[in-house]
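*Asks:* Structure file run-v1.cif (mmCIF, C-alpha atoms) right here:
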data_input
#
loop_
_atom_site.label_atom_id
_atom_site.label_comp_id
_atom_site.auth_asym_id
_atom_site.auth_seq_id
_atom_site.Cartn_x
_atom_site.Cartn_y
_atom_site.Cartn_z
CA MET G 73 3.13 -23.62 -15.72
CA ALA G 74 1.63 -24.20 -19.19
CA SER G 75 3.53 -26.59 -21.43
CA THR G 76 3.82 -23.95 -24.20
CA ASN G 77 6.13 -21.79 -22.05
CA ASN G 78 9.60 -21.31 -23.48
CA VAL G 79 10.44 -18.52 -21.03
CA THR G 80 11.83 -19.47 -17.64
CA GLU G 81 13.67 -16.22 -16.81
CA LEU G 82 12.69 -12.59 -17.30
CA ILE G 83 14.87 -9.49 -17.60
CA PHE G 84 13.90 -6.07 -16.25
CA THR G 85 14.91 -2.96 -18.21
CA GLY G 86 14.93 -1.13 -14.86
CA LEU G 87 14.18 2.49 -14.08
CA PHE G 88 17.29 4.17 -15.48
CA ARG G 89 20.08 3.04 -17.82
CA ASP G 90 22.88 5.35 -16.63
CA PRO G 91 25.10 3.45 -14.10
CA ASP G 92 25.91 6.65 -12.15
CA VAL G 93 22.23 7.51 -11.81
CA GLN G 94 21.52 3.95 -10.70
CA ARG G 95 24.16 4.15 -7.95
CA VAL G 96 22.69 7.41 -6.65
CA CYS G 97 19.20 5.85 -6.74
CA PHE G 98 20.53 2.81 -4.85
CA VAL G 99 21.63 4.98 -1.91
CA ALA G 100 18.48 7.14 -1.99
CA PHE G 101 15.99 4.27 -2.23
CA LEU G 102 17.85 2.19 0.35
CA ILE G 103 17.47 5.06 2.84
CA VAL G 104 13.79 5.41 1.93
CA TYR G 105 13.17 1.66 2.37
CA LEU G 106 14.93 1.53 5.74
CA ALA G 107 12.91 4.57 6.86
CA THR G 108 9.73 2.76 5.71
CA VAL G 109 10.51 -0.38 7.71
CA VAL G 110 11.71 1.48 10.83
CA GLY G 111 8.90 4.08 10.78
CA ASN G 112 6.07 1.62 10.25
CA GLY G 113 7.67 -0.92 12.58
CA LEU G 114 7.84 1.73 15.31
CA ILE G 115 4.12 2.40 14.92
CA VAL G 116 3.31 -1.33 15.19
CA LEU G 117 5.53 -1.63 18.29
CA THR G 118 4.16 1.53 19.93
CA VAL G 119 0.51 0.55 19.43
CA SER G 120 1.10 -3.01 20.66
CA ILE G 121 2.89 -1.87 23.85
CA SER G 122 1.16 1.40 24.78
CA LYS G 123 -1.99 0.99 26.85
CA SER G 124 -3.11 4.49 25.88
CA LEU G 125 -3.40 3.43 22.22
CA ASN G 126 -5.93 0.65 22.68
CA SER G 127 -8.76 2.20 20.64
CA PRO G 128 -9.91 0.72 17.30
CA MET G 129 -8.35 3.63 15.39
CA TYR G 130 -4.84 2.68 16.55
CA PHE G 131 -5.48 -1.03 16.04
CA PHE G 132 -6.30 -0.27 12.39
CA LEU G 133 -3.29 2.04 12.15
CA SER G 134 -0.94 -0.71 13.34
CA GLN G 135 -2.45 -3.11 10.80
CA LEU G 136 -1.96 -0.50 8.07
CA SER G 137 1.69 -0.07 9.06
CA LEU G 138 2.19 -3.85 9.00
CA VAL G 139 0.72 -3.97 5.49
CA GLU G 140 2.94 -1.06 4.41
CA ILE G 141 6.08 -2.95 5.46
CA SER G 142 4.92 -6.08 3.62
CA TYR G 143 3.78 -4.14 0.54
CA SER G 144 7.05 -2.24 0.22
CA SER G 145 9.13 -5.38 0.86
CA THR G 146 7.47 -7.17 -2.05
CA VAL G 147 9.07 -4.84 -4.60
CA VAL G 148 11.69 -2.53 -3.12
CA PRO G 149 14.48 -4.91 -1.92
CA LYS G 150 14.66 -6.58 -5.36
CA PHE G 151 14.47 -3.20 -7.06
CA ILE G 152 17.31 -1.80 -4.92
CA THR G 153 19.65 -4.75 -5.50
CA ASP G 154 18.90 -4.62 -9.24
CA LEU G 155 20.18 -1.04 -9.35
CA LEU G 156 23.70 -2.44 -8.86
CA ALA G 157 23.25 -5.34 -11.30
CA LYS G 158 24.19 -5.17 -14.97
CA ILE G 159 21.50 -7.69 -15.91
CA LYS G 160 18.33 -7.55 -13.80
CA THR G 161 16.73 -11.00 -13.89
CA ILE G 162 13.90 -12.85 -12.17
CA SER G 163 12.47 -16.32 -12.71
CA LEU G 164 8.97 -16.61 -14.18
CA GLU G 165 7.80 -18.25 -10.95
CA GLY G 166 9.40 -15.43 -8.93
CA CYS G 167 7.67 -12.89 -11.16
CA LEU G 168 4.27 -14.48 -10.54
CA ALA G 169 4.98 -14.59 -6.80
CA GLN G 170 5.86 -10.88 -6.84
CA ILE G 171 2.61 -10.08 -8.68
CA PHE G 172 0.61 -12.15 -6.17
CA PHE G 173 2.02 -10.48 -3.06
CA PHE G 174 2.08 -6.99 -4.61
CA HIS G 175 -1.64 -7.15 -5.37
CA PHE G 176 -2.42 -8.99 -2.13
CA PHE G 177 -0.92 -6.33 0.11
CA GLY G 178 -2.03 -3.48 -2.17
CA VAL G 179 -5.72 -4.39 -2.08
CA THR G 180 -5.50 -5.23 1.64
CA GLU G 181 -4.26 -1.67 2.18
CA ILE G 182 -7.12 -0.25 0.10
CA LEU G 183 -9.70 -2.18 2.16
CA LEU G 184 -8.02 -1.16 5.43
CA LEU G 185 -8.25 2.50 4.41
CA VAL G 186 -11.98 1.99 3.80
CA VAL G 187 -12.30 0.35 7.23
CA MET G 188 -10.43 3.25 8.84
CA ALA G 189 -12.78 5.72 7.17
CA TYR G 190 -15.77 3.78 8.54
CA ASP G 191 -14.20 3.85 12.00
CA ARG G 192 -13.83 7.64 11.81
CA TYR G 193 -17.42 7.97 10.55
CA VAL G 194 -18.76 6.02 13.55
CA ALA G 195 -16.50 7.89 16.02
CA ILE G 196 -17.53 11.34 14.77
CA CYS G 197 -21.13 10.82 13.65
CA LYS G 198 -22.27 8.24 16.24
CA PRO G 199 -20.01 8.89 19.26
CA LEU G 200 -22.46 7.56 21.87
CA HIS G 201 -22.68 4.17 20.14
CA TYR G 202 -19.02 4.00 19.09
CA MET G 203 -17.80 1.35 21.56
CA ASN G 204 -20.82 -0.87 20.89
CA ILE G 205 -20.51 -0.64 17.10
CA MET G 206 -16.71 -0.88 16.97
CA SER G 207 -16.29 -3.70 19.46
CA HIS G 208 -13.10 -5.73 19.64
CA GLN G 209 -14.73 -8.60 17.73
CA VAL G 210 -16.03 -6.28 14.98
CA CYS G 211 -12.58 -4.72 14.54
CA GLN G 212 -10.99 -8.15 14.17
CA VAL G 213 -13.62 -9.19 11.63
CA LEU G 214 -13.07 -5.99 9.60
CA VAL G 215 -9.31 -6.50 9.56
CA ALA G 216 -9.65 -10.19 8.69
CA GLY G 217 -12.07 -9.23 5.90
CA SER G 218 -9.51 -6.78 4.51
CA TRP G 219 -6.80 -9.45 4.41
CA LEU G 220 -9.22 -11.97 2.90
CA GLY G 221 -10.36 -9.47 0.26
CA GLY G 222 -6.74 -8.85 -0.76
CA PHE G 223 -6.10 -12.60 -0.95
CA VAL G 224 -9.15 -13.31 -3.13
CA HIS G 225 -8.30 -10.43 -5.46
CA SER G 226 -4.73 -11.63 -5.85
CA ILE G 227 -5.74 -15.25 -6.45
CA ILE G 228 -7.95 -14.08 -9.34
CA GLN G 229 -5.05 -12.13 -10.86
CA ILE G 230 -2.72 -15.11 -10.66
CA LEU G 231 -5.28 -17.61 -12.03
CA ILE G 232 -5.67 -15.34 -15.06
CA THR G 233 -1.93 -14.95 -15.58
CA ILE G 234 -0.71 -18.49 -14.91
CA GLN G 235 -2.69 -19.89 -17.86
CA LEU G 236 -1.04 -17.59 -20.41
CA PRO G 237 1.70 -18.95 -22.71
CA PHE G 238 5.06 -17.14 -22.64
CA CYS G 239 7.10 -17.89 -25.76
CA GLY G 240 9.36 -14.84 -25.79
CA PRO G 241 10.67 -12.17 -25.75
CA ASN G 242 11.58 -12.19 -22.08
CA VAL G 243 12.34 -8.49 -21.41
CA ILE G 244 9.93 -6.58 -19.13
CA ASP G 245 9.99 -2.83 -19.62
CA HIS G 246 9.63 -2.14 -15.89
CA TYR G 247 11.57 -2.47 -12.62
CA PHE G 248 9.19 -5.03 -11.07
CA CYS G 249 6.62 -7.58 -12.21
CA ASP G 250 3.11 -6.37 -12.81
CA LEU G 251 0.32 -7.65 -15.00
CA GLN G 252 0.23 -5.20 -17.91
CA PRO G 253 4.01 -5.32 -18.61
CA LEU G 254 3.92 -9.14 -18.31
CA PHE G 255 0.95 -9.43 -20.68
CA LYS G 256 3.09 -7.82 -23.40
CA LEU G 257 5.36 -10.89 -23.32
CA THR G 258 2.65 -13.47 -24.05
CA CYS G 259 2.27 -15.12 -27.46
CA THR G 260 -1.51 -14.82 -27.49
CA ASP G 261 -4.11 -12.06 -27.50
CA THR G 262 -4.71 -10.82 -23.93
CA PHE G 263 -7.55 -8.37 -24.57
CA VAL G 264 -10.05 -10.32 -22.45
CA GLU G 265 -7.51 -10.87 -19.67
CA GLY G 266 -6.64 -7.17 -19.77
CA VAL G 267 -10.31 -6.20 -19.35
CA ILE G 268 -10.69 -8.60 -16.40
CA VAL G 269 -7.54 -7.22 -14.76
CA LEU G 270 -8.78 -3.66 -15.33
CA ALA G 271 -12.10 -4.53 -13.70
CA ASN G 272 -10.44 -6.41 -10.85
CA SER G 273 -7.77 -3.80 -10.06
CA GLY G 274 -8.93 -0.45 -11.39
CA LEU G 275 -12.56 -0.68 -10.33
CA ILE G 276 -11.63 -1.82 -6.81
CA ALA G 277 -9.40 1.24 -6.48
CA LEU G 278 -11.95 3.61 -8.05
CA CYS G 279 -14.98 2.31 -6.10
CA SER G 280 -13.04 2.31 -2.82
CA PHE G 281 -11.86 5.86 -3.52
CA LEU G 282 -15.43 7.03 -4.17
CA ILE G 283 -16.61 5.35 -0.94
CA LEU G 284 -13.81 7.08 0.97
CA VAL G 285 -14.57 10.49 -0.53
CA THR G 286 -18.28 10.10 0.25
CA SER G 287 -17.59 9.02 3.83
CA TYR G 288 -15.34 12.01 4.49
CA ILE G 289 -17.88 14.40 2.99
CA VAL G 290 -20.48 13.00 5.41
CA ILE G 291 -17.99 13.33 8.28
CA LEU G 292 -17.17 16.95 7.41
CA VAL G 293 -20.88 17.83 7.20
CA ASN G 294 -21.54 16.26 10.62
CA VAL G 295 -18.51 17.87 12.24
CA ARG G 296 -20.10 21.33 11.90
CA ASN G 297 -22.30 20.56 14.92
CA HIS G 298 -19.33 19.76 17.18
CA SER G 299 -17.57 22.06 19.63
CA ALA G 300 -14.48 23.98 18.53
CA GLU G 301 -12.19 21.43 20.23
CA GLY G 302 -14.18 18.53 18.78
CA LYS G 303 -13.94 20.07 15.31
CA ARG G 304 -10.19 20.56 15.64
CA LYS G 305 -9.56 16.98 16.75
CA ALA G 306 -11.88 15.46 14.15
CA LEU G 307 -10.44 17.55 11.31
CA SER G 308 -6.87 16.77 12.37
CA THR G 309 -7.55 13.03 12.36
CA CYS G 310 -9.45 13.13 9.07
CA ALA G 311 -6.76 15.27 7.44
CA SER G 312 -4.20 12.52 8.05
CA HIS G 313 -6.49 9.86 6.56
CA ILE G 314 -7.39 12.01 3.55
CA THR G 315 -3.72 12.78 2.84
CA VAL G 316 -2.81 9.07 2.90
CA VAL G 317 -5.81 8.21 0.70
CA ILE G 318 -4.84 10.80 -1.93
CA LEU G 319 -1.17 9.74 -1.92
CA PHE G 320 -2.09 6.08 -2.39
CA PHE G 321 -5.11 6.25 -4.68
CA GLY G 322 -3.99 9.09 -6.97
CA PRO G 323 -1.07 7.22 -8.59
CA ALA G 324 -2.87 3.83 -8.42
CA ILE G 325 -5.94 5.12 -10.28
CA PHE G 326 -3.68 6.86 -12.80
CA PHE G 327 -1.80 3.61 -13.41
CA TYR G 328 -4.68 1.10 -13.54
CA MET G 329 -7.61 3.12 -14.91
CA ARG G 330 -6.06 3.98 -18.25
CA PRO G 331 -4.36 2.09 -21.09
CA SER G 332 -0.57 1.75 -20.87
CA SER G 333 1.23 4.43 -22.84
CA THR G 334 4.85 5.37 -22.28
CA PHE G 335 6.34 3.04 -19.72
CA THR G 336 8.86 5.67 -18.61
CA GLU G 337 5.95 7.74 -17.33
CA ASP G 338 4.30 4.68 -15.78
CA LYS G 339 7.50 3.62 -14.03
CA LEU G 340 8.01 7.04 -12.45
CA VAL G 341 4.43 6.99 -11.14
CA ALA G 342 4.96 3.42 -9.86
CA VAL G 343 8.05 4.55 -7.91
CA PHE G 344 5.85 6.96 -6.00
CA TYR G 345 3.32 4.39 -4.79
CA THR G 346 5.72 1.47 -4.31
CA VAL G 347 8.67 3.29 -2.70
CA ILE G 348 7.72 6.77 -1.48
CA THR G 349 4.15 6.48 -0.17
CA PRO G 350 4.81 3.62 2.32
CA MET G 351 7.50 5.81 3.92
CA LEU G 352 5.25 8.88 4.14
CA ASN G 353 2.34 7.20 5.90
CA PRO G 354 3.97 6.86 9.37
CA ILE G 355 5.27 10.43 9.11
CA ILE G 356 1.79 11.75 8.27
CA TYR G 357 0.08 9.88 11.09
CA THR G 358 2.65 10.61 13.81
CA LEU G 359 3.20 14.28 12.99
CA ARG G 360 -0.52 15.03 13.22
CA ASN G 361 -1.36 12.76 16.16
CA ALA G 362 -0.42 13.98 19.63
CA GLU G 363 -1.34 10.67 21.30
CA VAL G 364 0.98 8.63 19.08
CA LYS G 365 3.85 11.09 19.60
CA MET G 366 3.32 11.02 23.36
CA ALA G 367 3.23 7.19 23.40
CA MET G 368 6.47 7.10 21.39
CA ARG G 369 8.13 9.48 23.86
CA ARG G 370 7.05 7.27 26.78
CA LEU G 371 8.34 4.20 24.94
CA ARG G 372 11.68 5.92 24.33
CA GLY G 373 11.81 6.99 27.98
CA LYS G 374 11.27 3.39 29.12
CA LYS G 375 14.10 2.19 26.88
CA GLU G 376 16.44 4.87 28.22
CA ASN G 377 15.59 3.94 31.80
CA VAL G 378 16.22 0.26 31.07
CA GLY G 379 19.54 1.18 29.45
CA MET G 380 20.59 3.18 32.52
CA GLU G 381 19.75 0.31 34.80
#
Translate this file's structure into structure tokens.
*Replies:*
Amino acid sequence: MASTNNVTELIFTGLFRDPDVQRVCFVAFLIVYLATVVGNGLIVLTVSISKSLNSPMYFFLSQLSLVEISYSSTVVPKFITDLLAKIKTISLEGCLAQIFFFHFFGVTEILLLVVMAYDRYVAICKPLHYMNIMSHQVCQVLVAGSWLGGFVHSIIQILITIQLPFCGPNVIDHYFCDLQPLFKLTCTDTFVEGVIVLANSGLIALCSFLILVTSYIVILVNVRNHSAEGKRKALSTCASHITVVILFFGPAIFFYMRPSSTFTEDKLVAVFYTVITPMLNPIIYTLRNAEVKMAMRRLRGKKENVGME
């Protein structure tokens, strides 16, 4: 860390000040987090075991669920335990680590959603060439590229932040570490850094969102030429993807593509995309996907048979 740093520990203001409200939130968010881990973990397990789910779409879905668990675990466990703490503290190094992994997994998820949209485009618009285009090697490269893209993005964010001097105060008006709240604690002008962060975070989200919207428009135009059953299946699959995209990108674009205003408003929006959305994704995909539900039933049946033996 820079030698001008006088701050070694940071204090979160948290989401709410009322102790009773915090206790209720502790129970509610603990249930949500456990549901996130179990739901996404079940998808990863089902896809890895079930031979019927060996297509690229389910490979990408399992990767997305793995990222969701990691993304949620970066923020939520600390947030939940802080709800029962009178003073919510984190070391400066821990804060930087949280920022790194939060942005790493967040951008990896964005890139995976783009990859999944491309997979659906190829499956629906070029069905005869699907297996050649989306080969096993190509799928692995696309997933590796998503993880690498998230890593590079996050490294840039940390290299910008780690050079800043922190002389005090040491109170972050948030419930987790992110760049804009942390920039308010520096003892130097961060206008340039703020612009770079806006370009690095906001534009990635906005450009990816525009790519996704364009790809689904193309898909919906092409689906008109399919049979009634083909239309139904394609629209059902795309509806799940579009729902997840809106739930993830809506709050993220709201948060990163505008100047910070009232942090109470920002914190409530952040709760949605850090706590709620990761839990909803497995529900959205499994409820609308007959093959995943069937594979889960078979998996449960195998476990029951093993238990009886």
*Asks:* Give as an MDAnalysis selection string the residues that the PyMOL selection byres ((chain G and resi 176-187) around 7) matches when applied to the coordinates above.
*Replies:* chainID G and resid 136 139 142:143 172:175 188:191 214:215 218:219 221:223 225:226 280 284
*Asks:* Just give me the gap between atom CA of G:Leu231 and atom CA of G:Ile152 in Å, one decimal is fine.
*Replies:* 28.5 Å
*Asks:* To verify the selection step, state as a VMD selection string which residues the PyMOL selection byres ((chain G and resi 316) around 12) yields on this input.
*Replies:* chain G and resid 133 136 to 137 140 181 to 182 184 to 186 188 to 189 281 284 309 to 315 317 to 323 345 348 to 357
*Asks:* Run the PyMOL selection byres ((chain G and resi 268) around 12) on the file and write out the hits as a list in words.
*Replies:*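 On this input, the PyMOL selection byres ((chain G and resi 268) around 12) captures His225, Ile228, Gln229, Ile230, Leu231, Ile232, Thr233, Leu251, Gln252, Thr262, Phe263, Val264, Glu265, Gly266, Val267, Val269, Leu270, Ala271, Asn272, Ser273, Gly274, Leu275, Ile276 and Tyr328 of chain G.
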*Asks:* Smallest atom-to-atom distance to G:Cys97: which of G:Gly217, G:Met203, G:Gln170, G:Val148, using all atoms listed in the file?
*Replies:*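 For G:Cys97, the nearest of the candidates is G:Val148.
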